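For reference, query-v1.pdb (PDB, C-alpha atoms, pLDDT in the B column):
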ATOM      1  CA  ALA B   1       0.000   0.000   0.000  1.00 75.00           C
ATOM      2  CA  GLN B   2       1.191   3.487  -0.722  1.00 81.00           C
ATOM      3  CA  LYS B   3       2.264   5.690   2.160  1.00 92.00           C
ATOM      4  CA  ILE B   4       3.809   9.124   2.628  1.00 96.00           C
ATOM      5  CA  THR B   5       5.809  10.041   5.735  1.00 96.00           C
ATOM      6  CA  GLN B   6       6.763  13.562   6.765  1.00 97.00           C
ATOM      7  CA  THR B   7       8.671  13.355  10.027  1.00 95.00           C
ATOM      8  CA  GLN B   8       9.062  17.077  10.724  1.00 95.00           C
ATOM      9  CA  PRO B   9       5.907  18.539  12.282  1.00 93.00           C
ATOM     10  CA  GLY B  10       7.500  21.990  12.370  1.00 95.00           C
ATOM     11  CA  MET B  11      10.572  23.701  10.972  1.00 94.00           C
ATOM     12  CA  PHE B  12      12.139  27.109  11.521  1.00 96.00           C
ATOM     13  CA  VAL B  13      14.357  28.866   8.995  1.00 97.00           C
ATOM     14  CA  GLN B  14      15.936  32.280   8.878  1.00 97.00           C
ATOM     15  CA  GLU B  15      14.827  34.545   6.067  1.00 97.00           C
ATOM     16  CA  LYS B  16      17.056  34.245   2.968  1.00 97.00           C
ATOM     17  CA  GLU B  17      18.424  30.864   4.036  1.00 97.00           C
ATOM     18  CA  ALA B  18      17.658  27.521   2.409  1.00 97.00           C
ATOM     19  CA  VAL B  19      15.552  24.825   4.077  1.00 97.00           C
ATOM     20  CA  THR B  20      14.899  21.162   3.343  1.00 98.00           C
ATOM     21  CA  LEU B  21      11.564  19.531   4.124  1.00 98.00           C
ATOM     22  CA  ASP B  22      11.750  15.755   4.337  1.00 98.00           C
ATOM     23  CA  CYS B  23       9.449  13.259   2.656  1.00 98.00           C
ATOM     24  CA  THR B  24       9.734   9.508   2.337  1.00 97.00           C
ATOM     25  CA  TYR B  25       7.290   7.311   0.510  1.00 97.00           C
ATOM     26  CA  ASP B  26       6.426   3.685   0.139  1.00 95.00           C
ATOM     27  CA  THR B  27       5.030   2.030  -2.945  1.00 92.00           C
ATOM     28  CA  SER B  28       5.423  -1.228  -4.783  1.00 89.00           C
ATOM     29  CA  ASP B  29       4.719   0.399  -8.145  1.00 89.00           C
ATOM     30  CA  GLN B  30       7.499   1.291 -10.549  1.00 90.00           C
ATOM     31  CA  SER B  31       5.473   4.146 -12.019  1.00 89.00           C
ATOM     32  CA  TYR B  32       4.374   6.937  -9.719  1.00 91.00           C
ATOM     33  CA  GLY B  33       4.363  10.698  -9.329  1.00 91.00           C
ATOM     34  CA  LEU B  34       5.432  12.802  -6.374  1.00 93.00           C
ATOM     35  CA  PHE B  35       4.028  16.240  -5.602  1.00 93.00           C
ATOM     36  CA  TRP B  36       4.583  19.032  -3.130  1.00 96.00           C
ATOM     37  CA  TYR B  37       1.841  21.459  -2.135  1.00 96.00           C
ATOM     38  CA  LYS B  38       1.829  24.583   0.017  1.00 97.00           C
ATOM     39  CA  GLN B  39      -1.142  25.432   2.220  1.00 95.00           C
ATOM     40  CA  PRO B  40      -1.077  28.950   3.702  1.00 94.00           C
ATOM     41  CA  SER B  41      -3.282  29.861   6.625  1.00 90.00           C
ATOM     42  CA  SER B  42      -6.003  30.845   4.139  1.00 87.00           C
ATOM     43  CA  GLY B  43      -6.468  27.124   3.500  1.00 87.00           C
ATOM     44  CA  GLU B  44      -5.960  26.994  -0.257  1.00 87.00           C
ATOM     45  CA  MET B  45      -3.664  24.217  -1.517  1.00 92.00           C
ATOM     46  CA  ILE B  46      -1.074  25.475  -3.982  1.00 93.00           C
ATOM     47  CA  PHE B  47       0.843  23.119  -6.277  1.00 91.00           C
ATOM     48  CA  LEU B  48       4.604  23.658  -6.103  1.00 94.00           C
ATOM     49  CA  ILE B  49       6.489  20.927  -7.915  1.00 93.00           C
ATOM     50  CA  TYR B  50       6.192  17.470  -9.490  1.00 91.00           C
ATOM     51  CA  GLN B  51       8.637  14.572  -9.947  1.00 92.00           C
ATOM     52  CA  GLY B  52       7.905  11.481 -11.993  1.00 90.00           C
ATOM     53  CA  SER B  53       9.436   8.183 -10.970  1.00 91.00           C
ATOM     54  CA  TYR B  54      11.138   7.808 -14.350  1.00 90.00           C
ATOM     55  CA  ASP B  55      12.486  11.361 -14.441  1.00 88.00           C
ATOM     56  CA  GLU B  56      16.250  11.183 -14.290  1.00 86.00           C
ATOM     57  CA  GLN B  57      16.776  14.788 -13.286  1.00 91.00           C
ATOM     58  CA  ASN B  58      15.557  16.415 -10.128  1.00 94.00           C
ATOM     59  CA  ALA B  59      12.634  18.749 -10.713  1.00 93.00           C
ATOM     60  CA  THR B  60      13.089  22.470 -10.194  1.00 94.00           C
ATOM     61  CA  GLU B  61      10.577  25.321 -10.206  1.00 93.00           C
ATOM     62  CA  GLY B  62      12.043  28.693  -9.358  1.00 96.00           C
ATOM     63  CA  ARG B  63      13.160  28.614  -5.719  1.00 97.00           C
ATOM     64  CA  TYR B  64      11.796  25.090  -5.263  1.00 97.00           C
ATOM     65  CA  SER B  65      13.711  21.940  -6.071  1.00 97.00           C
ATOM     66  CA  LEU B  66      12.964  18.335  -5.338  1.00 96.00           C
ATOM     67  CA  ASN B  67      15.819  16.142  -4.137  1.00 96.00           C
ATOM     68  CA  PHE B  68      14.685  12.775  -5.526  1.00 96.00           C
ATOM     69  CA  GLN B  69      16.534   9.718  -4.240  1.00 95.00           C
ATOM     70  CA  LYS B  70      14.715   6.774  -5.712  1.00 94.00           C
ATOM     71  CA  ALA B  71      16.658   4.022  -3.986  1.00 93.00           C
ATOM     72  CA  ARG B  72      15.991   5.617  -0.618  1.00 95.00           C
ATOM     73  CA  LYS B  73      12.385   6.417  -1.570  1.00 95.00           C
ATOM     74  CA  SER B  74      12.788  10.004  -0.550  1.00 97.00           C
ATOM     75  CA  ALA B  75      11.558  13.181  -2.213  1.00 97.00           C
ATOM     76  CA  ASN B  76      12.711  16.107  -0.125  1.00 98.00           C
ATOM     77  CA  LEU B  77      11.675  19.658  -0.980  1.00 98.00           C
ATOM     78  CA  VAL B  78      14.379  22.297  -0.936  1.00 98.00           C
ATOM     79  CA  ILE B  79      13.348  25.950  -0.727  1.00 97.00           C
ATOM     80  CA  SER B  80      16.182  28.338  -1.445  1.00 96.00           C
ATOM     81  CA  ALA B  81      16.363  31.934  -0.234  1.00 95.00           C
ATOM     82  CA  SER B  82      13.387  31.625   2.120  1.00 97.00           C
ATOM     83  CA  GLN B  83      10.923  34.487   2.251  1.00 97.00           C
ATOM     84  CA  LEU B  84       8.472  35.463   4.982  1.00 96.00           C
ATOM     85  CA  GLY B  85       5.645  34.480   2.645  1.00 96.00           C
ATOM     86  CA  ASP B  86       6.923  30.918   2.603  1.00 97.00           C
ATOM     87  CA  SER B  87       5.543  30.409   6.109  1.00 97.00           C
ATOM     88  CA  ALA B  88       2.842  27.761   5.610  1.00 97.00           C
ATOM     89  CA  MET B  89       2.055  24.061   5.810  1.00 97.00           C
ATOM     90  CA  TYR B  90       3.787  21.930   3.200  1.00 98.00           C
ATOM     91  CA  PHE B  91       2.437  18.595   2.070  1.00 97.00           C
ATOM     92  CA  CYS B  92       4.181  15.836   0.153  1.00 97.00           C
ATOM     93  CA  ALA B  93       1.895  13.653  -1.946  1.00 95.00           C
ATOM     94  CA  MET B  94       2.084  10.645  -4.254  1.00 93.00           C
ATOM     95  CA  ARG B  95      -0.014   8.985  -6.896  1.00 89.00           C
ATOM     96  CA  GLU B  96       0.712   5.546  -8.268  1.00 83.00           C
ATOM     97  CA  GLY B  97       0.808   5.349 -12.042  1.00 77.00           C
ATOM     98  CA  GLY B  98      -2.258   3.216 -12.555  1.00 72.00           C
ATOM     99  CA  GLY B  99      -4.506   4.868 -10.022  1.00 77.00           C
ATOM    100  CA  PHE B 100      -6.526   7.991  -9.461  1.00 80.00           C
ATOM    101  CA  LYS B 101      -5.940   8.383  -5.760  1.00 86.00           C
ATOM    102  CA  THR B 102      -3.417  10.943  -4.513  1.00 89.00           C
ATOM    103  CA  ILE B 103      -2.278  10.361  -0.951  1.00 92.00           C
ATOM    104  CA  PHE B 104      -0.844  13.107   1.232  1.00 95.00           C
ATOM    105  CA  GLY B 105       1.534  13.139   4.155  1.00 96.00           C
ATOM    106  CA  ALA B 106       0.686  14.760   7.476  1.00 95.00           C
ATOM    107  CA  GLY B 107       2.520  17.927   6.521  1.00 97.00           C
ATOM    108  CA  THR B 108       5.318  20.106   7.857  1.00 97.00           C
ATOM    109  CA  ARG B 109       4.659  23.589   9.164  1.00 97.00           C
ATOM    110  CA  LEU B 110       7.402  25.982   8.099  1.00 98.00           C
ATOM    111  CA  PHE B 111       8.089  29.182   9.999  1.00 97.00           C
ATOM    112  CA  VAL B 112      10.327  31.770   8.339  1.00 97.00           C
ATOM    113  CA  LYS B 113      11.937  34.184  10.782  1.00 96.00           C
ATOM    114  CA  ALA B 114      12.840  37.755   9.880  1.00 94.00           C
TER     115      ALA B 114
ATOM    116  CA  GLY X   1      -9.552  34.719 -12.791  1.00 56.00           C
ATOM    117  CA  ALA X   2     -11.987  31.816 -12.667  1.00 80.00           C
ATOM    118  CA  GLY X   3     -10.471  29.318 -10.278  1.00 92.00           C
ATOM    119  CA  VAL X   4     -12.168  26.438  -8.500  1.00 95.00           C
ATOM    120  CA  SER X   5     -14.983  27.676  -6.319  1.00 96.00           C
ATOM    121  CA  GLN X   6     -16.787  25.908  -3.526  1.00 97.00           C
ATOM    122  CA  SER X   7     -19.958  26.705  -1.640  1.00 96.00           C
ATOM    123  CA  PRO X   8     -20.840  27.167   1.040  1.00 97.00           C
ATOM    124  CA  ARG X   9     -17.523  28.165   2.579  1.00 96.00           C
ATOM    125  CA  TYR X  10     -18.796  27.285   6.034  1.00 97.00           C
ATOM    126  CA  LYS X  11     -21.566  24.951   7.087  1.00 97.00           C
ATOM    127  CA  VAL X  12     -22.841  24.137  10.545  1.00 98.00           C
ATOM    128  CA  ALA X  13     -25.124  21.128  10.741  1.00 97.00           C
ATOM    129  CA  LYS X  14     -26.865  19.358  13.547  1.00 97.00           C
ATOM    130  CA  ARG X  15     -26.043  15.706  13.901  1.00 97.00           C
ATOM    131  CA  GLY X  16     -28.362  13.713  11.694  1.00 97.00           C
ATOM    132  CA  GLN X  17     -28.919  16.436   9.108  1.00 97.00           C
ATOM    133  CA  ASP X  18     -28.118  15.989   5.448  1.00 97.00           C
ATOM    134  CA  VAL X  19     -25.695  18.430   3.781  1.00 98.00           C
ATOM    135  CA  ALA X  20     -24.738  19.166   0.185  1.00 98.00           C
ATOM    136  CA  LEU X  21     -21.417  20.726  -0.750  1.00 98.00           C
ATOM    137  CA  ARG X  22     -20.907  22.205  -4.183  1.00 98.00           C
ATOM    138  CA  CYS X  23     -17.795  22.446  -6.338  1.00 98.00           C
ATOM    139  CA  ASP X  24     -17.456  24.520  -9.511  1.00 97.00           C
ATOM    140  CA  PRO X  25     -14.265  23.398 -11.252  1.00 96.00           C
ATOM    141  CA  ILE X  26     -12.300  25.432 -13.728  1.00 94.00           C
ATOM    142  CA  SER X  27     -14.171  25.466 -17.029  1.00 93.00           C
ATOM    143  CA  GLY X  28     -13.044  22.685 -19.339  1.00 90.00           C
ATOM    144  CA  HIS X  29     -11.273  20.654 -16.694  1.00 92.00           C
ATOM    145  CA  VAL X  30     -11.801  16.950 -17.220  1.00 91.00           C
ATOM    146  CA  SER X  31     -10.725  15.650 -13.829  1.00 92.00           C
ATOM    147  CA  LEU X  32     -12.359  16.466 -10.500  1.00 95.00           C
ATOM    148  CA  PHE X  33     -11.345  15.257  -7.048  1.00 95.00           C
ATOM    149  CA  TRP X  34     -12.864  15.496  -3.597  1.00 97.00           C
ATOM    150  CA  TYR X  35     -10.746  15.349  -0.443  1.00 97.00           C
ATOM    151  CA  GLN X  36     -11.480  15.458   3.265  1.00 97.00           C
ATOM    152  CA  GLN X  37      -9.029  17.303   5.497  1.00 96.00           C
ATOM    153  CA  ALA X  38      -9.334  16.872   9.235  1.00 94.00           C
ATOM    154  CA  LEU X  39      -7.823  19.503  11.495  1.00 91.00           C
ATOM    155  CA  GLY X  40      -4.035  19.282  11.516  1.00 88.00           C
ATOM    156  CA  GLN X  41      -3.936  16.496   8.932  1.00 92.00           C
ATOM    157  CA  GLY X  42      -3.216  16.172   5.261  1.00 94.00           C
ATOM    158  CA  PRO X  43      -6.073  15.841   2.774  1.00 95.00           C
ATOM    159  CA  GLU X  44      -7.510  12.372   2.311  1.00 95.00           C
ATOM    160  CA  PHE X  45      -8.803  11.285  -1.073  1.00 94.00           C
ATOM    161  CA  LEU X  46     -12.531  10.678  -1.281  1.00 96.00           C
ATOM    162  CA  THR X  47     -13.452  10.279  -4.938  1.00 96.00           C
ATOM    163  CA  TYR X  48     -12.456  11.041  -8.531  1.00 94.00           C
ATOM    164  CA  PHE X  49     -14.477  11.981 -11.604  1.00 95.00           C
ATOM    165  CA  GLN X  50     -13.372  11.982 -15.200  1.00 93.00           C
ATOM    166  CA  ASN X  51     -16.009  14.142 -16.857  1.00 94.00           C
ATOM    167  CA  GLU X  52     -19.296  12.724 -15.546  1.00 95.00           C
ATOM    168  CA  ALA X  53     -17.924   9.267 -14.773  1.00 95.00           C
ATOM    169  CA  GLN X  54     -17.027   8.484 -11.181  1.00 96.00           C
ATOM    170  CA  LEU X  55     -13.995   6.284 -11.710  1.00 93.00           C
ATOM    171  CA  ASP X  56     -12.839   5.920  -8.132  1.00 92.00           C
ATOM    172  CA  LYS X  57     -14.911   6.226  -4.971  1.00 92.00           C
ATOM    173  CA  SER X  58     -12.702   4.092  -2.800  1.00 91.00           C
ATOM    174  CA  GLY X  59     -12.063   6.892  -0.328  1.00 93.00           C
ATOM    175  CA  LEU X  60     -15.681   7.575   0.605  1.00 96.00           C
ATOM    176  CA  PRO X  61     -15.796   6.627   4.292  1.00 93.00           C
ATOM    177  CA  SER X  62     -19.305   5.204   4.351  1.00 93.00           C
ATOM    178  CA  ASP X  63     -22.481   4.852   2.337  1.00 94.00           C
ATOM    179  CA  ARG X  64     -23.648   8.108   3.894  1.00 97.00           C
ATOM    180  CA  PHE X  65     -21.289   9.877   1.472  1.00 97.00           C
ATOM    181  CA  PHE X  66     -22.370  10.318  -2.123  1.00 97.00           C
ATOM    182  CA  ALA X  67     -20.889  12.397  -4.926  1.00 98.00           C
ATOM    183  CA  GLU X  68     -22.112  13.231  -8.384  1.00 97.00           C
ATOM    184  CA  ARG X  69     -21.098  15.232 -11.436  1.00 97.00           C
ATOM    185  CA  PRO X  70     -24.017  14.678 -13.789  1.00 96.00           C
ATOM    186  CA  GLU X  71     -23.007  16.983 -16.629  1.00 94.00           C
ATOM    187  CA  GLY X  72     -19.274  16.716 -16.266  1.00 92.00           C
ATOM    188  CA  SER X  73     -18.808  20.153 -14.741  1.00 94.00           C
ATOM    189  CA  VAL X  74     -20.290  21.078 -11.333  1.00 97.00           C
ATOM    190  CA  SER X  75     -20.024  18.411  -8.658  1.00 98.00           C
ATOM    191  CA  THR X  76     -21.918  17.910  -5.426  1.00 98.00           C
ATOM    192  CA  LEU X  77     -20.768  15.961  -2.406  1.00 98.00           C
ATOM    193  CA  LYS X  78     -23.685  14.901  -0.239  1.00 98.00           C
ATOM    194  CA  ILE X  79     -23.410  13.628   3.289  1.00 98.00           C
ATOM    195  CA  GLN X  80     -26.489  12.032   4.775  1.00 97.00           C
ATOM    196  CA  ARG X  81     -27.246  11.781   8.484  1.00 97.00           C
ATOM    197  CA  THR X  82     -24.130  13.740   9.432  1.00 97.00           C
ATOM    198  CA  GLN X  83     -22.076  12.628  12.409  1.00 97.00           C
ATOM    199  CA  GLN X  84     -19.602  14.593  14.490  1.00 96.00           C
ATOM    200  CA  GLU X  85     -16.676  12.744  12.933  1.00 95.00           C
ATOM    201  CA  ASP X  86     -17.680  14.225   9.565  1.00 97.00           C
ATOM    202  CA  SER X  87     -16.485  17.632  10.790  1.00 97.00           C
ATOM    203  CA  ALA X  88     -13.619  18.602   8.486  1.00 97.00           C
ATOM    204  CA  VAL X  89     -12.694  20.785   5.548  1.00 97.00           C
ATOM    205  CA  TYR X  90     -13.865  19.326   2.248  1.00 98.00           C
ATOM    206  CA  LEU X  91     -11.591  20.263  -0.630  1.00 97.00           C
ATOM    207  CA  CYS X  92     -12.380  20.036  -4.300  1.00 97.00           C
ATOM    208  CA  ALA X  93      -9.693  20.049  -6.987  1.00 94.00           C
ATOM    209  CA  SER X  94      -9.784  19.950 -10.763  1.00 93.00           C
ATOM    210  CA  SER X  95      -7.239  19.383 -13.471  1.00 89.00           C
ATOM    211  CA  LEU X  96      -7.273  19.880 -17.197  1.00 84.00           C
ATOM    212  CA  TRP X  97      -6.466  16.389 -18.307  1.00 72.00           C
ATOM    213  CA  ARG X  98      -7.206  12.867 -17.336  1.00 62.00           C
ATOM    214  CA  VAL X  99      -5.238  11.597 -14.377  1.00 58.00           C
ATOM    215  CA  GLY X 100      -1.658  10.667 -15.136  1.00 58.00           C
ATOM    216  CA  GLY X 101       1.622  12.424 -15.465  1.00 57.00           C
ATOM    217  CA  THR X 102       2.341  15.966 -14.570  1.00 62.00           C
ATOM    218  CA  GLU X 103      -1.126  17.418 -14.518  1.00 69.00           C
ATOM    219  CA  THR X 104      -1.567  20.093 -11.888  1.00 79.00           C
ATOM    220  CA  GLN X 105      -4.520  19.898  -9.554  1.00 86.00           C
ATOM    221  CA  TYR X 106      -6.078  23.274  -8.803  1.00 91.00           C
ATOM    222  CA  PHE X 107      -7.743  23.363  -5.432  1.00 93.00           C
ATOM    223  CA  GLY X 108     -10.742  25.324  -4.262  1.00 94.00           C
ATOM    224  CA  PRO X 109     -10.832  27.162  -0.933  1.00 93.00           C
ATOM    225  CA  GLY X 110     -12.724  24.317   0.730  1.00 95.00           C
ATOM    226  CA  THR X 111     -15.934  24.015   2.703  1.00 97.00           C
ATOM    227  CA  ARG X 112     -15.485  23.877   6.451  1.00 96.00           C
ATOM    228  CA  LEU X 113     -18.154  21.581   7.891  1.00 97.00           C
ATOM    229  CA  LEU X 114     -18.907  21.539  11.595  1.00 97.00           C
ATOM    230  CA  VAL X 115     -21.357  18.954  12.880  1.00 97.00           C
ATOM    231  CA  LEU X 116     -22.769  19.681  16.321  1.00 96.00           C
TER     232      LEU X 116
END

Could you render the structure as structure tokens?
Amino acid sequence: AQKITQTQPGMFVQEKEAVTLDCTYDTSDQSYGLFWYKQPSSGEMIFLIYQGSYDEQNATEGRYSLNFQKARKSANLVISASQLGDSAMYFCAMREGGGFKTIFGAGTRLFVKA
Amino acid sequence: GAGVSQSPRYKVAKRGQDVALRCDPISGHVSLFWYQQALGQGPEFLTYFQNEAQLDKSGLPSDRFFAERPEGSVSTLKIQRTQQEDSAVYLCASSLWRVGGTETQYFGPGTRLLVL
């Protein structure tokens, strides 16, 4: 069965520094997709970045990059040059290739300090 | 811009009442998802529609939960005989294509349901 684990309930980072949010996953499928979403206090879920299981390069989107280590089944999110507006909940998610269901981790709350 | 909209934004129901939650996806989006998000948790998948076809309802917690998308656009999630454990935020998301690959899910603001 597929599972997403985010072991950091909360993280603090100084403004302008980089931060890594951890995510490990479990699946028996060879084909799957990994996603990161941001949820500010307003409640809206915002898509950040996607990594496919067959993608050989790590995904990047602006200040976001995904450190994909397939053998370790980890998909950590790296945010460079943190900004105060990055303070939010961050969710890692996965969908197996043949299915419709996206499963989410429990989330990590990021606090960016000025 | 016309994003995903949901109504009502807040709903208070007495235990045992029926509720209906509406989702207006982005126009032209083929895929539509419903999720339930309990306080302090990540969203949990409820059901998936591809146009009007409900292709996966494996996440619906009981037969009190029913979802429909009769014309392939607006969707309604209905909860019958609400219980206190149904209290949560119900999120709707849509995406342009069929499920698979890099499609981005666009989420609505959610409906916060409180069952007393």

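Proximity to Thr82 of chain X was assessed for X:Leu46, X:Leu96, X:Leu116, X:Leu60 counting only C-alpha atoms; the smallest distance is recorded for X:Leu116.
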
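Within the 8 Å cut-off around segment 64-71 of chain X, using all atoms listed in the file and omitting residues fewer than 2 positions from it on the same chain, the listed residues are Thr47, Phe49, Asn51, Glu52, Ala53, Gln54, Leu60, Pro61, Ser62, Ser73, Val74, Ser75, Thr76, Leu77, Lys78, Ile79, Gln80, Arg81 and Thr82 of chain X.
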
Residues just named, written with C-alpha atoms as a PDB file, in the frame of the given file:
ATOM      1  CA  THR X  47     -13.452  10.279  -4.938  1.00 96.00           C
ATOM      2  CA  PHE X  49     -14.477  11.981 -11.604  1.00 95.00           C
ATOM      3  CA  ASN X  51     -16.009  14.142 -16.857  1.00 94.00           C
ATOM      4  CA  GLU X  52     -19.296  12.724 -15.546  1.00 95.00           C
ATOM      5  CA  ALA X  53     -17.924   9.267 -14.773  1.00 95.00           C
ATOM      6  CA  GLN X  54     -17.027   8.484 -11.181  1.00 96.00           C
ATOM      7  CA  LEU X  60     -15.681   7.575   0.605  1.00 96.00           C
ATOM      8  CA  PRO X  61     -15.796   6.627   4.292  1.00 93.00           C
ATOM      9  CA  SER X  62     -19.305   5.204   4.351  1.00 93.00           C
ATOM     10  CA  SER X  73     -18.808  20.153 -14.741  1.00 94.00           C
ATOM     11  CA  VAL X  74     -20.290  21.078 -11.333  1.00 97.00           C
ATOM     12  CA  SER X  75     -20.024  18.411  -8.658  1.00 98.00           C
ATOM     13  CA  THR X  76     -21.918  17.910  -5.426  1.00 98.00           C
ATOM     14  CA  LEU X  77     -20.768  15.961  -2.406  1.00 98.00           C
ATOM     15  CA  LYS X  78     -23.685  14.901  -0.239  1.00 98.00           C
ATOM     16  CA  ILE X  79     -23.410  13.628   3.289  1.00 98.00           C
ATOM     17  CA  GLN X  80     -26.489  12.032   4.775  1.00 97.00           C
ATOM     18  CA  ARG X  81     -27.246  11.781   8.484  1.00 97.00           C
ATOM     19  CA  THR X  82     -24.130  13.740   9.432  1.00 97.00           C
TER      20      THR X  82
END

Atom CA of Ile46 of chain B to atom CA of Thr20 of chain B: how many Å, to one decimal?
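Between these atoms lies a distance of 18.1 Å.
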
Find the nearest atom pair between each residue of segment 22-99 of chain B and segment 5-11 of chain B for residues within 6 Å, count all atoms listed in the file, give distances in Å to one decimal, sort rows by chain and ascending number, and present the table as CSV.
residue,atom,partner,partner_atom,distance
B:Asp22,CA,B:Gln6,CA,6.0
B:Cys23,CA,B:Gln6,CA,4.9
B:Thr24,CA,B:Thr5,CA,5.2

Residues of chain B that approach chain X to 6 Å or less, counting all atoms listed in the file: could you list each one with the shortest pair of atoms and its distance in Å to one decimal, rows by chain and increasing residue number, as CSV?
residue,atom,partner,partner_atom,distance
B:Glu44,CA,X:Pro109,CA,4.9
B:Met45,CA,X:Phe107,CA,5.7
B:Phe104,CA,X:Gly42,CA,5.6
B:Gly105,CA,X:Gly42,CA,5.7
B:Ala106,CA,X:Gly42,CA,4.7

Using the chain letters and numbers from this file, what does the PyMOL selection byres ((chain B and resi 67-71) around 12) select? Give the answer as an MDAnalysis selection string.
chainID B and resid 19:27 30:36 49:60 64:66 72:79

Calculated over only C-alpha atoms, which of the candidates X:Trp97, X:Cys92, X:Ala38, X:Val115 has the smallest distance to Leu21 of chain X?
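Selected residue with least distance to Leu21 of chain X: X:Cys92.
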
Using only C-alpha atoms, which of X:Gly72, X:Lys11, X:Ser5, X:Asp86 sits nearest Pro25 of chain X?
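Closest to Pro25 of chain X of all the choices is X:Ser5.
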
Any idea what the distance is between atom CA of Thr102 of chain B and atom CA of Ser82 of chain B?
27.5 Å

Exactly which residues make up the result of the PyMOL selection byres ((chain X and resi 14) around 9) on this file, given as a PyMOL selection string?
chain X and resi 12-13+15-18+82-84+114-116

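Of the residues under consideration (B:Glu61, B:Glu15, B:Glu96, B:Asp86), B:Glu61 shows the shortest atom-to-atom contact distance to Leu48 of chain B when counting only C-alpha atoms.
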
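Atom CA of Leu39 of chain X is found 15.8 Å from atom CA of Lys38 of chain B.
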
Within 8 Å of file point (-15.7, 27.9, -13.2), counting all atoms listed in the file, expressed as number ranges by chain
X: 2-5, 24-27

Of the candidates B:Ile103, B:Ala1, B:Gly62, B:Lys16, which one gets nearest to Leu84 of chain B if we count only C-alpha atoms?
B:Lys16

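Take the candidates B:Gln83, B:Tyr37, B:Gly99, B:Met89 and check each one against Lys113 of chain B using only C-alpha atoms; the shortest distance goes to B:Gln83.
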